[in-house]
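Reproduced below: upload_17.tsv, with TSV, C-alpha atoms and all ligand atoms.
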chain	number	residue	atom	x	y	z
K	185	MET	CA	48.00	-65.39	-76.67
K	186	ALA	CA	48.36	-65.67	-72.92
K	187	LYS	CA	51.68	-64.41	-71.64
K	188	GLU	CA	53.48	-66.15	-68.81
K	189	LEU	CA	54.11	-63.84	-65.87
K	190	ILE	CA	55.24	-65.96	-62.93
K	191	ARG	CA	56.84	-69.38	-62.77
K	192	LEU	CA	57.66	-71.63	-59.86
K	193	ALA	CA	60.25	-74.20	-60.93
K	194	ASP	CA	60.90	-77.26	-58.75
K	195	CYS	CA	60.07	-75.27	-55.61
K	196	SER	CA	60.29	-77.13	-52.33
K	197	MET	CA	59.92	-75.82	-48.81
K	198	ALA	CA	60.92	-77.48	-45.57
K	199	PHE	CA	60.57	-76.20	-42.03
K	200	ASP	CA	63.16	-77.93	-39.88
K	201	ASP	CA	63.02	-81.33	-41.52
K	202	GLU	CA	59.35	-81.30	-42.41
K	203	VAL	CA	58.72	-80.98	-46.13
K	204	VAL	CA	55.60	-78.85	-46.62
K	205	LEU	CA	55.97	-78.17	-50.35
K	206	ASP	CA	57.31	-80.92	-52.51
K	207	ASN	CA	58.62	-79.90	-55.91
K	208	ILE	CA	56.00	-77.41	-57.03
K	209	ASN	CA	55.95	-76.56	-60.74
K	210	LEU	CA	53.49	-73.93	-61.79
K	211	TYR	CA	53.16	-70.98	-64.13
K	212	ILE	CA	50.72	-68.11	-63.93
K	213	ASN	CA	49.73	-66.06	-66.95
K	214	ASP	CA	49.29	-62.32	-67.12
K	215	LYS	CA	45.69	-61.26	-66.28
K	216	GLU	CA	44.81	-64.76	-65.10
K	217	PHE	CA	42.60	-65.58	-62.11
K	218	LEU	CA	44.37	-68.56	-60.59
K	219	THR	CA	43.24	-70.29	-57.42
K	220	LEU	CA	45.24	-72.48	-55.06
K	221	LEU	CA	42.69	-74.91	-53.62
K	222	GLY	CA	43.12	-77.60	-51.00
K	223	PRO	CA	42.42	-78.64	-47.43
K	224	SER	CA	43.94	-77.00	-44.37
K	225	GLY	CA	47.68	-77.50	-44.12
K	226	CYS	CA	48.23	-78.52	-47.76
K	227	GLY	CA	50.65	-75.65	-48.42
K	228	LYS	CA	48.53	-72.91	-50.02
K	229	THR	CA	49.68	-70.01	-47.84
K	230	THR	CA	53.28	-71.19	-48.03
K	231	THR	CA	53.09	-71.13	-51.85
K	232	LEU	CA	51.57	-67.65	-51.76
K	233	ARG	CA	54.27	-66.40	-49.39
K	234	ILE	CA	56.97	-67.69	-51.72
K	235	ILE	CA	55.35	-65.80	-54.63
K	236	GLY	CA	55.06	-62.67	-52.49
K	237	GLY	CA	58.69	-62.89	-51.40
K	238	PHE	CA	57.93	-63.35	-47.70
K	239	LEU	CA	59.58	-66.79	-47.80
K	240	LYS	CA	62.49	-68.17	-49.79
K	241	PRO	CA	62.02	-71.70	-51.10
K	242	THR	CA	64.42	-74.25	-49.61
K	243	SER	CA	65.17	-75.30	-53.17
K	244	GLY	CA	63.94	-74.30	-56.60
K	245	ASP	CA	63.42	-70.98	-58.32
K	246	ILE	CA	60.77	-68.35	-58.82
K	247	PHE	CA	60.67	-66.21	-61.96
K	248	PHE	CA	58.83	-62.97	-62.74
K	249	ASP	CA	58.75	-62.15	-66.45
K	250	GLY	CA	61.48	-64.71	-66.94
K	251	VAL	CA	63.83	-63.13	-64.38
K	252	ARG	CA	64.86	-65.17	-61.33
K	253	THR	CA	63.54	-63.31	-58.28
K	254	ASN	CA	64.35	-65.59	-55.35
K	255	ASP	CA	66.33	-62.82	-53.67
K	256	VAL	CA	64.04	-59.89	-54.46
K	257	PRO	CA	62.28	-58.60	-51.30
K	258	PRO	CA	58.46	-58.28	-51.19
K	259	HIS	CA	58.31	-54.49	-51.65
K	260	LYS	CA	60.39	-54.72	-54.82
K	261	ARG	CA	58.04	-57.24	-56.45
K	262	ALA	CA	55.07	-55.98	-58.49
K	263	VAL	CA	52.85	-57.78	-56.02
K	264	ASN	CA	50.36	-56.75	-53.35
K	265	THR	CA	48.85	-59.06	-50.78
K	266	ILE	CA	45.50	-59.19	-49.02
K	267	PHE	CA	45.89	-61.41	-46.00
K	268	GLN	CA	43.05	-63.26	-44.36
K	269	LYS	CA	43.16	-60.83	-41.45
K	270	TYR	CA	43.13	-57.60	-43.45
K	271	ALA	CA	44.27	-55.18	-40.75
K	272	LEU	CA	42.75	-51.82	-41.64
K	273	PHE	CA	44.00	-48.75	-39.82
K	274	THR	CA	41.15	-48.27	-37.36
K	275	HIS	CA	42.16	-44.70	-36.49
K	276	LEU	CA	41.86	-43.63	-40.15
K	277	ASN	CA	38.72	-43.14	-42.23
K	278	VAL	CA	37.99	-45.00	-45.47
K	279	PHE	CA	39.72	-42.46	-47.71
K	280	ASP	CA	42.88	-42.32	-45.63
K	281	ASN	CA	43.10	-46.10	-45.39
K	282	VAL	CA	43.11	-46.34	-49.17
K	283	ALA	CA	45.41	-43.34	-49.62
K	284	PHE	CA	47.94	-44.59	-47.06
K	285	GLY	CA	50.25	-46.43	-49.47
K	286	LEU	CA	50.11	-43.66	-52.08
K	287	ARG	CA	51.24	-41.05	-49.54
K	288	LEU	CA	54.34	-43.12	-48.82
K	289	GLN	CA	55.32	-43.44	-52.46
K	290	ARG	CA	58.30	-41.48	-53.77
K	291	HIS	CA	59.19	-41.13	-57.41
K	292	ASP	CA	62.67	-39.70	-57.91
K	293	GLY	CA	62.41	-38.48	-54.33
K	294	LYS	CA	59.12	-36.69	-55.00
K	295	LYS	CA	55.77	-37.39	-53.36
K	296	LEU	CA	52.61	-37.92	-55.40
K	297	SER	CA	50.57	-34.74	-55.72
K	298	LYS	CA	47.43	-34.29	-53.66
K	299	THR	CA	45.36	-34.18	-56.83
K	300	GLU	CA	46.75	-37.46	-58.08
K	301	ILE	CA	46.15	-39.17	-54.74
K	302	ASN	CA	42.62	-37.79	-54.71
K	303	GLU	CA	41.90	-39.03	-58.21
K	304	ARG	CA	43.27	-42.49	-57.65
K	305	VAL	CA	41.53	-43.07	-54.32
K	306	THR	CA	38.23	-41.80	-55.69
K	307	GLU	CA	38.52	-44.03	-58.73
K	308	MET	CA	39.31	-47.07	-56.58
K	309	LEU	CA	36.44	-46.45	-54.17
K	310	GLU	CA	34.17	-46.39	-57.19
K	311	VAL	CA	35.55	-49.72	-58.39
K	312	VAL	CA	34.70	-51.35	-55.04
K	313	SER	CA	31.32	-49.56	-54.78
K	314	LEU	CA	32.25	-47.42	-51.77
K	315	LYS	CA	31.72	-44.02	-53.33
K	316	GLY	CA	30.33	-41.69	-50.67
K	317	PHE	CA	31.98	-43.63	-47.83
K	318	GLU	CA	35.20	-41.58	-47.88
K	319	LYS	CA	34.78	-40.00	-44.45
K	320	ARG	CA	33.38	-43.04	-42.68
K	321	ASP	CA	35.16	-44.54	-39.72
K	322	VAL	CA	36.34	-48.00	-40.88
K	323	SER	CA	35.57	-49.63	-37.55
K	324	LEU	CA	31.89	-48.82	-38.08
K	325	LEU	CA	31.69	-50.55	-41.47
K	326	SER	CA	30.20	-54.00	-42.04
K	327	GLY	CA	32.52	-56.95	-42.69
K	328	GLY	CA	31.85	-56.79	-46.42
K	329	GLN	CA	32.54	-53.05	-46.56
K	330	GLN	CA	35.78	-53.46	-44.60
K	331	GLN	CA	36.76	-56.19	-47.01
K	332	ARG	CA	36.19	-53.81	-49.91
K	333	VAL	CA	38.35	-51.15	-48.26
K	334	ALA	CA	41.12	-53.75	-47.97
K	335	ILE	CA	40.73	-54.56	-51.67
K	336	ALA	CA	40.78	-50.88	-52.66
K	337	ARG	CA	43.87	-50.31	-50.51
K	338	ALA	CA	45.68	-53.11	-52.33
K	339	LEU	CA	44.47	-52.19	-55.82
K	340	VAL	CA	45.24	-48.47	-55.58
K	341	ASN	CA	48.95	-49.24	-55.80
K	342	LYS	CA	48.27	-50.72	-59.26
K	343	PRO	CA	50.05	-53.99	-58.56
K	344	LYS	CA	50.61	-56.27	-61.51
K	345	VAL	CA	49.67	-59.17	-59.29
K	346	LEU	CA	47.36	-59.38	-56.32
K	347	LEU	CA	47.75	-62.23	-53.83
K	348	LEU	CA	44.60	-62.99	-51.84
K	349	ASP	CA	44.74	-65.43	-48.94
K	350	GLU	CA	41.20	-66.59	-48.07
K	351	PRO	CA	39.99	-62.97	-48.22
K	352	LEU	CA	36.33	-63.89	-47.78
K	353	GLY	CA	36.83	-66.37	-44.96
K	354	ALA	CA	35.27	-64.14	-42.31
K	355	LEU	CA	32.09	-63.33	-44.21
K	356	ASP	CA	28.75	-65.10	-44.05
K	357	MET	CA	27.55	-67.19	-46.98
K	358	ARG	CA	25.38	-64.59	-48.69
K	359	LEU	CA	27.95	-61.83	-48.51
K	360	ARG	CA	30.64	-64.24	-49.58
K	361	LYS	CA	28.76	-65.01	-52.79
K	362	ASP	CA	28.22	-61.29	-53.52
K	363	MET	CA	31.89	-60.57	-52.90
K	364	GLN	CA	32.94	-63.47	-55.13
K	365	ASN	CA	31.09	-61.84	-58.01
K	366	GLU	CA	32.49	-58.41	-57.19
K	367	LEU	CA	36.06	-59.67	-56.97
K	368	LYS	CA	35.72	-61.44	-60.28
K	369	GLN	CA	34.37	-58.26	-61.90
K	370	ILE	CA	37.13	-56.13	-60.39
K	371	GLN	CA	39.72	-58.57	-61.66
K	372	GLN	CA	38.29	-58.47	-65.17
K	373	ALA	CA	37.92	-54.68	-65.16
K	374	THR	CA	41.45	-53.99	-63.93
K	375	GLY	CA	43.28	-56.79	-65.76
K	376	ILE	CA	45.34	-57.49	-62.63
K	377	THR	CA	46.57	-61.05	-62.20
K	378	PHE	CA	44.87	-62.61	-59.17
K	379	ILE	CA	46.39	-65.48	-57.21
K	380	TYR	CA	43.70	-66.55	-54.83
K	381	VAL	CA	43.82	-69.02	-51.96
K	382	THR	CA	40.77	-70.88	-50.67
K	383	HIS	CA	39.76	-74.24	-49.24
K	384	ASP	CA	36.22	-73.74	-50.57
K	385	GLN	CA	35.76	-75.71	-53.77
K	386	GLU	CA	32.56	-73.94	-54.80
K	387	GLU	CA	34.30	-70.59	-54.52
K	388	ALA	CA	37.19	-71.88	-56.63
K	389	LEU	CA	34.87	-73.25	-59.32
K	390	ALA	CA	32.87	-70.01	-59.48
K	391	MET	CA	35.74	-67.54	-59.76
K	392	SER	CA	38.82	-69.07	-61.36
K	393	ASP	CA	40.26	-69.30	-64.83
K	394	THR	CA	42.64	-71.94	-63.51
K	395	ILE	CA	42.50	-74.07	-60.36
K	396	VAL	CA	45.54	-75.69	-58.75
K	397	VAL	CA	44.44	-78.51	-56.44
K	398	MET	CA	46.95	-79.22	-53.68
K	399	GLU	CA	47.22	-81.89	-51.01
K	400	GLY	CA	50.13	-82.76	-48.75
K	401	GLY	CA	52.43	-80.14	-50.29
K	402	VAL	CA	51.98	-81.66	-53.74
K	403	ILE	CA	50.05	-80.31	-56.74
K	404	GLN	CA	47.45	-82.94	-57.58
K	405	GLN	CA	45.98	-81.28	-60.66
K	406	ILE	CA	46.01	-78.02	-62.59
K	407	GLY	CA	43.16	-77.15	-64.93
K	408	THR	CA	40.10	-75.08	-65.72
K	409	PRO	CA	37.15	-75.50	-63.33
K	410	GLU	CA	35.47	-77.70	-65.96
K	411	ASP	CA	38.57	-79.92	-66.34
K	412	ILE	CA	38.94	-80.37	-62.64
K	413	TYR	CA	35.29	-81.22	-62.15
K	414	ASN	CA	34.75	-83.39	-65.20
K	415	GLU	CA	38.16	-85.02	-65.52
K	416	PRO	CA	39.63	-85.35	-62.03
K	417	LYS	CA	43.06	-86.96	-62.13
K	418	ASN	CA	42.71	-89.03	-58.97
K	419	ALA	CA	40.35	-89.99	-56.16
K	420	PHE	CA	41.50	-87.09	-53.97
K	421	VAL	CA	40.58	-84.48	-56.56
K	422	ALA	CA	37.31	-86.22	-57.44
K	423	ASP	CA	36.29	-86.30	-53.81
K	424	PHE	CA	37.46	-82.81	-52.91
K	425	ILE	CA	35.68	-81.15	-55.83
K	426	GLY	CA	31.99	-81.86	-55.41
K	427	GLU	CA	30.43	-85.16	-54.47
K	428	SER	CA	31.63	-88.36	-56.12
K	429	ASN	CA	30.94	-92.04	-55.95
K	430	ILE	CA	34.25	-93.76	-56.59
K	431	VAL	CA	34.07	-97.50	-57.26
K	432	ASP	CA	36.45	-100.16	-58.47
K	433	GLY	CA	36.23	-101.03	-62.12
K	434	ILE	CA	37.99	-103.14	-64.72
K	435	MET	CA	38.64	-101.83	-68.21
K	436	HIS	CA	37.71	-104.34	-70.89
K	437	SER	CA	38.54	-102.32	-73.96
K	438	ASP	CA	38.44	-98.69	-75.08
K	439	GLY	CA	35.06	-97.36	-73.99
K	440	VAL	CA	33.97	-100.39	-71.94
K	441	VAL	CA	34.32	-100.71	-68.16
K	442	GLU	CA	33.02	-103.36	-65.79
K	443	ILE	CA	31.45	-102.20	-62.50
K	444	PHE	CA	29.95	-104.68	-60.03
K	445	GLY	CA	30.09	-107.40	-62.71
K	446	ARG	CA	28.18	-105.38	-65.30
K	447	LYS	CA	29.63	-103.72	-68.39
K	448	PHE	CA	29.08	-99.99	-68.93
K	449	LYS	CA	29.92	-97.84	-71.93
K	450	CYS	CA	32.24	-94.93	-71.22
K	451	LEU	CA	34.30	-92.44	-73.24
K	452	ASP	CA	37.72	-93.24	-71.77
K	453	LYS	CA	40.44	-94.90	-73.79
K	454	GLY	CA	44.03	-96.01	-73.60
K	455	PHE	CA	43.93	-98.42	-70.65
K	456	ASP	CA	45.32	-101.96	-70.65
K	457	HIS	CA	43.00	-104.91	-71.16
K	458	LYS	CA	41.63	-105.93	-67.72
K	459	GLU	CA	43.36	-102.98	-66.03
K	460	PRO	CA	41.88	-102.26	-62.58
K	461	VAL	CA	40.74	-98.63	-62.44
K	462	ASP	CA	38.89	-96.15	-60.23
K	463	VAL	CA	35.53	-95.13	-61.66
K	464	VAL	CA	34.00	-91.77	-60.73
K	465	ILE	CA	30.26	-91.33	-61.00
K	466	ARG	CA	28.81	-87.97	-59.98
K	467	PRO	CA	25.54	-88.12	-58.02
K	468	GLU	CA	23.74	-86.02	-60.65
K	469	ASP	CA	24.76	-88.32	-63.51
K	470	VAL	CA	22.81	-91.37	-62.37
K	471	ASP	CA	19.37	-91.97	-63.92
K	472	ILE	CA	16.84	-93.79	-61.78
K	473	VAL	CA	14.71	-96.35	-63.65
K	474	THR	CA	12.62	-99.37	-62.70
K	475	PRO	CA	14.60	-102.28	-61.24
K	476	ARG	CA	13.74	-104.36	-64.33
K	477	SER	CA	15.25	-101.90	-66.80
K	478	GLY	CA	18.25	-100.90	-64.65
K	479	LYS	CA	21.85	-101.94	-65.27
K	480	LEU	CA	22.24	-102.30	-61.52
K	481	THR	CA	19.58	-102.51	-58.85
K	482	GLY	CA	19.81	-101.24	-55.31
K	483	THR	CA	17.80	-100.25	-52.28
K	484	VAL	CA	17.31	-96.72	-51.01
K	485	THR	CA	18.62	-96.48	-47.44
K	486	SER	CA	18.21	-92.76	-46.80
K	487	ILE	CA	16.72	-89.64	-48.29
K	488	THR	CA	17.50	-86.00	-47.55
K	489	PHE	CA	15.59	-83.07	-49.04
K	490	ARG	CA	17.98	-80.45	-50.46
K	491	GLY	CA	15.55	-77.93	-51.91
K	492	VAL	CA	16.06	-78.46	-55.65
K	493	MET	CA	16.70	-82.18	-55.32
K	494	TYR	CA	16.78	-85.11	-52.97
K	495	ASP	CA	20.04	-86.73	-51.93
K	496	ILE	CA	19.42	-90.43	-51.67
K	497	ILE	CA	21.80	-93.12	-50.51
K	498	VAL	CA	21.43	-96.37	-52.39
K	499	ASP	CA	22.89	-99.70	-51.31
K	500	PHE	CA	24.28	-101.80	-54.16
K	501	HIS	CA	25.28	-105.10	-52.58
K	502	GLY	CA	26.87	-103.38	-49.61
K	503	PHE	CA	28.47	-100.43	-51.44
K	504	LYS	CA	26.58	-97.20	-50.92
K	505	TRP	CA	26.22	-94.48	-53.54
K	506	LEU	CA	24.98	-90.95	-53.28
K	507	ILE	CA	22.48	-90.13	-56.03
K	508	GLN	CA	20.74	-86.81	-56.63
K	509	THR	CA	17.24	-86.97	-58.00
K	510	THR	CA	14.08	-84.91	-58.32
K	511	ASP	CA	11.98	-88.10	-57.93
K	512	LEU	CA	10.78	-89.02	-54.50
K	513	CYS	CA	12.16	-92.48	-53.66
K	514	PRO	CA	11.24	-93.41	-50.08
K	515	VAL	CA	13.57	-95.45	-47.92
K	516	GLY	CA	13.26	-99.16	-48.77
K	517	THR	CA	12.42	-98.62	-52.46
K	518	GLN	CA	14.15	-100.91	-54.92
K	519	ILE	CA	15.44	-98.90	-57.86
K	520	GLY	CA	17.33	-99.56	-61.06
K	521	ILE	CA	19.98	-97.21	-62.40
K	522	LYS	CA	21.40	-96.25	-65.76
K	523	ILE	CA	24.44	-94.10	-66.48
K	524	ASP	CA	25.20	-92.45	-69.81
K	525	PRO	CA	28.75	-92.96	-71.14
K	526	ASP	CA	29.65	-89.33	-70.42
K	527	GLY	CA	28.56	-89.77	-66.80
K	528	ILE	CA	31.36	-92.25	-66.20
K	529	HIS	CA	34.93	-91.07	-65.68
K	530	ILE	CA	37.85	-93.50	-65.46
K	531	MET	CA	41.01	-92.83	-63.46
K	532	LYS	CA	44.27	-94.72	-63.10
K	533	LYS	CA	44.74	-96.48	-59.77
K	534	GLY	CA	47.04	-94.51	-57.46
K	535	THR	CA	47.94	-93.58	-53.91
K	536	PHE	CA	44.46	-92.23	-53.15
K	537	SER	CA	42.59	-95.30	-54.45
K	538	GLY	CA	40.18	-96.78	-51.94
K	539	MET	CA	40.36	-93.76	-49.65
K	540	TYR	CA	37.43	-91.76	-50.96
K	541	GLY	CA	34.08	-91.92	-52.69
K	542	ASP	CA	32.18	-94.36	-50.49
K	543	TYR	CA	29.00	-93.14	-48.80
K	544	SER	CA	28.60	-96.01	-46.32
K	545	SER	CA	29.40	-94.03	-43.22
K	546	TYR	CA	27.27	-91.13	-44.45
K	547	SER	CA	24.17	-93.30	-44.44
K	548	ASP	CA	24.67	-95.50	-41.36
K	549	GLU	CA	22.97	-93.14	-38.99
K	550	TYR	CA	20.02	-92.81	-41.35
K	551	ASP	CA	19.76	-96.60	-41.58
K	552	GLU	CA	19.27	-96.90	-37.90
K	553	ILE	CA	16.73	-94.13	-37.74
K	554	GLY	CA	14.88	-94.93	-40.96
K	555	ASP	CA	14.79	-98.71	-40.99
K	556	ALA	CA	12.77	-100.37	-38.24
K	557	ASP	CA	14.20	-103.78	-39.13
K	558	TYR	CA	17.79	-102.57	-39.12
K	559	GLU	CA	20.14	-104.99	-37.42
K	560	PRO	CA	23.75	-103.95	-37.26
K	561	GLU	CA	24.93	-107.54	-37.67
K	562	SER	CA	22.62	-108.48	-40.54
K	563	GLU	CA	25.21	-107.63	-43.17
K	564	SER	CA	27.70	-110.20	-41.89
K	565	VAL	CA	29.55	-112.21	-44.52
K	566	GLU	CA	28.58	-115.66	-45.72
K	567	GLU	CA	30.13	-118.50	-43.81
K	568	TYR	CA	33.20	-120.03	-45.24
K	569	SER	CA	32.19	-123.26	-46.90
K	570	GLY	CA	35.56	-124.71	-47.75
D	1	LIG	N1	56.84	-70.98	-40.34
D	1	LIG	C1	56.52	-72.28	-40.28
D	1	LIG	N2	57.20	-73.12	-39.48
D	1	LIG	C2	56.89	-74.43	-39.43
D	1	LIG	N3	55.90	-74.99	-40.11
D	1	LIG	C3	55.17	-74.22	-40.91
D	1	LIG	C4	55.43	-72.81	-41.04
D	1	LIG	N4	54.53	-72.29	-41.91
D	1	LIG	C5	53.76	-73.32	-42.31
D	1	LIG	N5	54.13	-74.48	-41.72
D	1	LIG	C6	53.52	-75.80	-41.95
D	1	LIG	O1	53.45	-76.01	-43.33
D	1	LIG	C7	52.25	-76.70	-43.69
D	1	LIG	C8	51.51	-75.92	-44.74
D	1	LIG	O2	51.05	-74.72	-44.17
D	1	LIG	P1	50.23	-73.63	-44.98
D	1	LIG	O3	50.04	-72.47	-44.07
D	1	LIG	O4	50.90	-73.36	-46.27
D	1	LIG	O5	48.86	-74.40	-45.22
D	1	LIG	P2	47.51	-73.88	-45.88
D	1	LIG	O6	47.25	-74.76	-47.04
D	1	LIG	O7	47.59	-72.42	-46.12
D	1	LIG	O8	46.43	-74.23	-44.75
D	1	LIG	P3	45.16	-73.38	-44.19
D	1	LIG	O9	44.03	-73.68	-45.15
D	1	LIG	O10	44.93	-74.01	-42.85
D	1	LIG	O11	45.54	-71.95	-44.13
D	1	LIG	C9	51.49	-76.91	-42.39
D	1	LIG	O12	51.73	-78.22	-41.95
D	1	LIG	C10	52.10	-75.88	-41.47
D	1	LIG	O13	52.00	-76.31	-40.13
D	2	MG	MG	46.63	-70.77	-45.24
Could you spell out this file's structure in C-alpha cells?
Amino acid sequence: MAKELIRLADCSMAFDDEVVLDNINLYINDKEFLTLLGPSGCGKTTTLRIIGGFLKPTSGDIFFDGVRTNDVPPHKRAVNTIFQKYALFTHLNVFDNVAFGLRLQRHDGKKLSKTEINERVTEMLEVVSLKGFEKRDVSLLSGGQQQRVAIARALVNKPKVLLLDEPLGALDMRLRKDMQNELKQIQQATGITFIYVTHDQEEALAMSDTIVVMEGGVIQQIGTPEDIYNEPKNAFVADFIGESNIVDGIMHSDGVVEIFGRKFKCLDKGFDHKEPVDVVIRPEDVDIVTPRSGKLTGTVTSITFRGVMYDIIVDFHGFKWLIQTTDLCPVGTQIGIKIDPDGIHIMKKGTFSGMYGDYSSYSDEYDEIGDADYEPESESVEEYSG
C-alpha cells in the first residue's frame, strides 16, 4: 500500500493582493514520482517552494508524515532541491562538488569520516554514470554532465524527497530525452520521492506516476498519465495534454452523443438528457473512410508531413479538425470519417468551454497557400431571409 508522505491542505498563496495559488489540495505518496505540469505562471514553482519551506502559504497547511510543518525551515525538512539554474561550484572538481554537503554535515558535533564521504560520493557518481570523472573541472563538462553532477550533489545527502524545478530546461531535445530516462531510473533505484516541475507535457507523460495539471493557480486535474490523457476533466487539460479536437455535443442518453447533427456511440454515462457537453476527439482516433461510408464528410484544407504520419486539417462545415493519418489525402480531397466509441470522450461544460480545441487558425495560412481558389470572404454567412 502506498504511504502518504506530504500533504498540502487548502494552501493558498498571495503576493500583495494577487492570488497565485488558490486552495491547493494535494497529497504525495512515499517513493512516488509526481509532476506539477502547467503553462508559465500557473504556480508550479510557488507550490514547490512551499513544499521546500522557502515560502509560507498565506493560508492552509503543509504536513510531512502527518506533522504540520508550516514553520519548519528548509534545512530541517527531509527535502533537497534542484533548481532550474543548478549553480555548481565552478572552482571545485566533480568529486568536491558532490562531497560539499557531506563535509558540512555534523552528527552529534562530529564530522563524517573521510572514508564514508569517499564511499558515498563514489557510489553516487556511479548512479549518475560519472564514474571516472571525479577530478574533472565542472566548468569543462557538457550540459548533461553538469546536470548529472547537480543530481548527484542533491542525492548524496539521501533526502527523502527531491524537488526538481525544470531541471532539464537548458538541455537540447536529444539529451533531454536521455536524461528523462536516467532520472526515472535513478528515482526507481533510490526509492526517493520526486516532485518534478515542468511545462512540457511529453516529459510529464513519460516520467510520472502522477501528474498534477495546474492553470491559474488552480489544480485542474490529478491523475496517472493515462487518466490525464484519456479522461481529461476539462477543455484546458484536453488541449494542454496532446492535441485535441474539442467540439460541442448534446448527450441523448447513456452512450449516445450528437455531434454536428449526427449521433455517435460513446462510452460515457451519467449526463442529463439533451445536456450540452464538450466532446474531445484525439487526432489519432479518427478513421478516414470514403465520403459515402463516413458519419461526417469534410474537405482536407492542409497537409503536413510529420515523419510517421501526416497531420491533416479537415473542414467540417466551417469547423476545422486536426486528424493524424498514414494515408495521403491531398488538399481538396473529400473524406468521410468514423470514430469508435472509445475514441470519443465527453466532458461537462465549464469555464474553459469554447476556448480550446479548434484548428481553424492553425490551417488558415495553409488555405491561402494551398488553395488557388481561396477567397477570404467566401465563407460569409447566408443572408438573413426573415
Ligand atoms: N515573490 C513573488 N512576488 C510576486 N509575485 C510572484 C512571486 N513569485 C511568484 N509570483 C507570481 O506568481 C505566479 C506564479 O509564479 P510561479 O513562479 O509559481 O509560476 P510557474 O508555474 O513556476 O511558471 P514558470 O513555468 O514560468 O516557471 C506568477 O504570476 C508570478 O509572477
Ligand atoms: Mg517556475
Taking only residues of chain K that have an atom at most 7 Å from an atom of ligand MG 2 (chain D), what is each one's shortest atom pair and its distance in Å to one decimal, using only C-alpha atoms and all ligand atoms, in chain and number order, as a Markdown table?
| residue | atom | partner | partner_atom | distance |
| --- | --- | --- | --- | --- |
| K:Ser224 | CA | D:MG2 | MG | 6.8 |
| K:Gly225 | CA | D:MG2 | MG | 6.9 |
| K:Lys228 | CA | D:MG2 | MG | 5.6 |
| K:Thr229 | CA | D:MG2 | MG | 4.1 |
| K:Asp349 | CA | D:MG2 | MG | 6.8 |
- Within 10 Å of ligand LIG 1 (chain D), counting all atoms listed in the file, which protein or nucleic acid residues do you find, written as a ChimeraX atom specification? /K:197-205,220-234,239,268,349-350,381-384,398-401
- Have a look at K:Asp255, K:Glu410, K:Asp542, K:Asp214 and name the one nearest to Leu346 of chain K; count only C-alpha atoms. K:Asp214
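Of the residues under consideration (K:His457, K:Arg466, K:Ile301, K:Tyr380), K:Arg466 shows the shortest atom-to-atom contact distance to Tyr413 of chain K when counting only C-alpha atoms.
The shortest atom-to-atom distance to Val322 of chain K, with all atoms listed in the file taken into account, belongs to K:Asp280 out of K:Asp471, K:Glu310, K:Asp432, K:Asp280.
Residues within 10 Å of Arg304 of chain K, counting all atoms listed in the file and excluding same-chain residues fewer than 6 positions away, are Val282, Ala283, Leu286, Glu310, Leu339, Val340, Asn341 and Lys342 of chain K.
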- For segment 363-366 of chain K, work out the shell of residues within 10 Å, counting all atoms listed in the file and skipping chain neighbours fewer than 2 positions away, then give it as a count of residues only. 24
Take the point (31.3, -102.1, -54.1) as written in the file and pick out every residue within 8 Å of it, counting all atoms listed in the file; give the list as an mmCIF file with C-alpha atoms, in the frame of the given file.
data_model
loop_
_atom_site.group_PDB
_atom_site.id
_atom_site.type_symbol
_atom_site.label_atom_id
_atom_site.label_comp_id
_atom_site.auth_asym_id
_atom_site.auth_seq_id
_atom_site.Cartn_x
_atom_site.Cartn_y
_atom_site.Cartn_z
ATOM 1 C CA VAL K 431 34.070 -97.500 -57.260
ATOM 2 C CA ASP K 432 36.450 -100.160 -58.470
ATOM 3 C CA PHE K 444 29.950 -104.680 -60.030
ATOM 4 C CA PHE K 500 24.280 -101.800 -54.160
ATOM 5 C CA HIS K 501 25.280 -105.100 -52.580
ATOM 6 C CA GLY K 502 26.870 -103.380 -49.610
ATOM 7 C CA PHE K 503 28.470 -100.430 -51.440
ATOM 8 C CA LYS K 504 26.580 -97.200 -50.920
#
- Task: Enter the distance from atom CA of Val498 of chain K to atom CA of Ser477 of chain K, in Å, rounded to one decimal.
- Result: 16.6 Å
- Residues within 8 Å of (37.6, -77.4, -61.8), counting all atoms listed in the file, listed as a PyMOL selection string: chain K and resi 388-389+394-395+407-414+425
Convert the current residue selection to file output with C-alpha atoms, as an mmCIF file, in the frame of the given file.
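The resulting file, result_35.cif, is reproduced below:
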data_model
loop_
_atom_site.group_PDB
_atom_site.id
_atom_site.type_symbol
_atom_site.label_atom_id
_atom_site.label_comp_id
_atom_site.auth_asym_id
_atom_site.auth_seq_id
_atom_site.Cartn_x
_atom_site.Cartn_y
_atom_site.Cartn_z
ATOM 1 C CA ALA K 388 37.190 -71.880 -56.630
ATOM 2 C CA LEU K 389 34.870 -73.250 -59.320
ATOM 3 C CA THR K 394 42.640 -71.940 -63.510
ATOM 4 C CA ILE K 395 42.500 -74.070 -60.360
ATOM 5 C CA GLY K 407 43.160 -77.150 -64.930
ATOM 6 C CA THR K 408 40.100 -75.080 -65.720
ATOM 7 C CA PRO K 409 37.150 -75.500 -63.330
ATOM 8 C CA GLU K 410 35.470 -77.700 -65.960
ATOM 9 C CA ASP K 411 38.570 -79.920 -66.340
ATOM 10 C CA ILE K 412 38.940 -80.370 -62.640
ATOM 11 C CA TYR K 413 35.290 -81.220 -62.150
ATOM 12 C CA ASN K 414 34.750 -83.390 -65.200
ATOM 13 C CA ILE K 425 35.680 -81.150 -55.830
#
- Message: One number please: atom CA of Ser243 of chain K to atom CA of Ile403 of chain K, in Å, one decimal.
- Response: 16.3 Å
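For the set K:Ala419, K:Val470, K:Ala338, K:Val333, the residue with the smallest atom-to-atom gap to Leu272 of chain K is K:Val333, counting all atoms listed in the file.
With atom CA of Gly541 of chain K on one side and atom CA of Asp206 of chain K on the other, the separation reads 25.7 Å.
Of the residues under consideration (K:Asn254, K:Gln404, K:Gln330, K:Asn213), K:Asn213 shows the shortest atom-to-atom contact distance to Ala186 of chain K when counting all atoms listed in the file.
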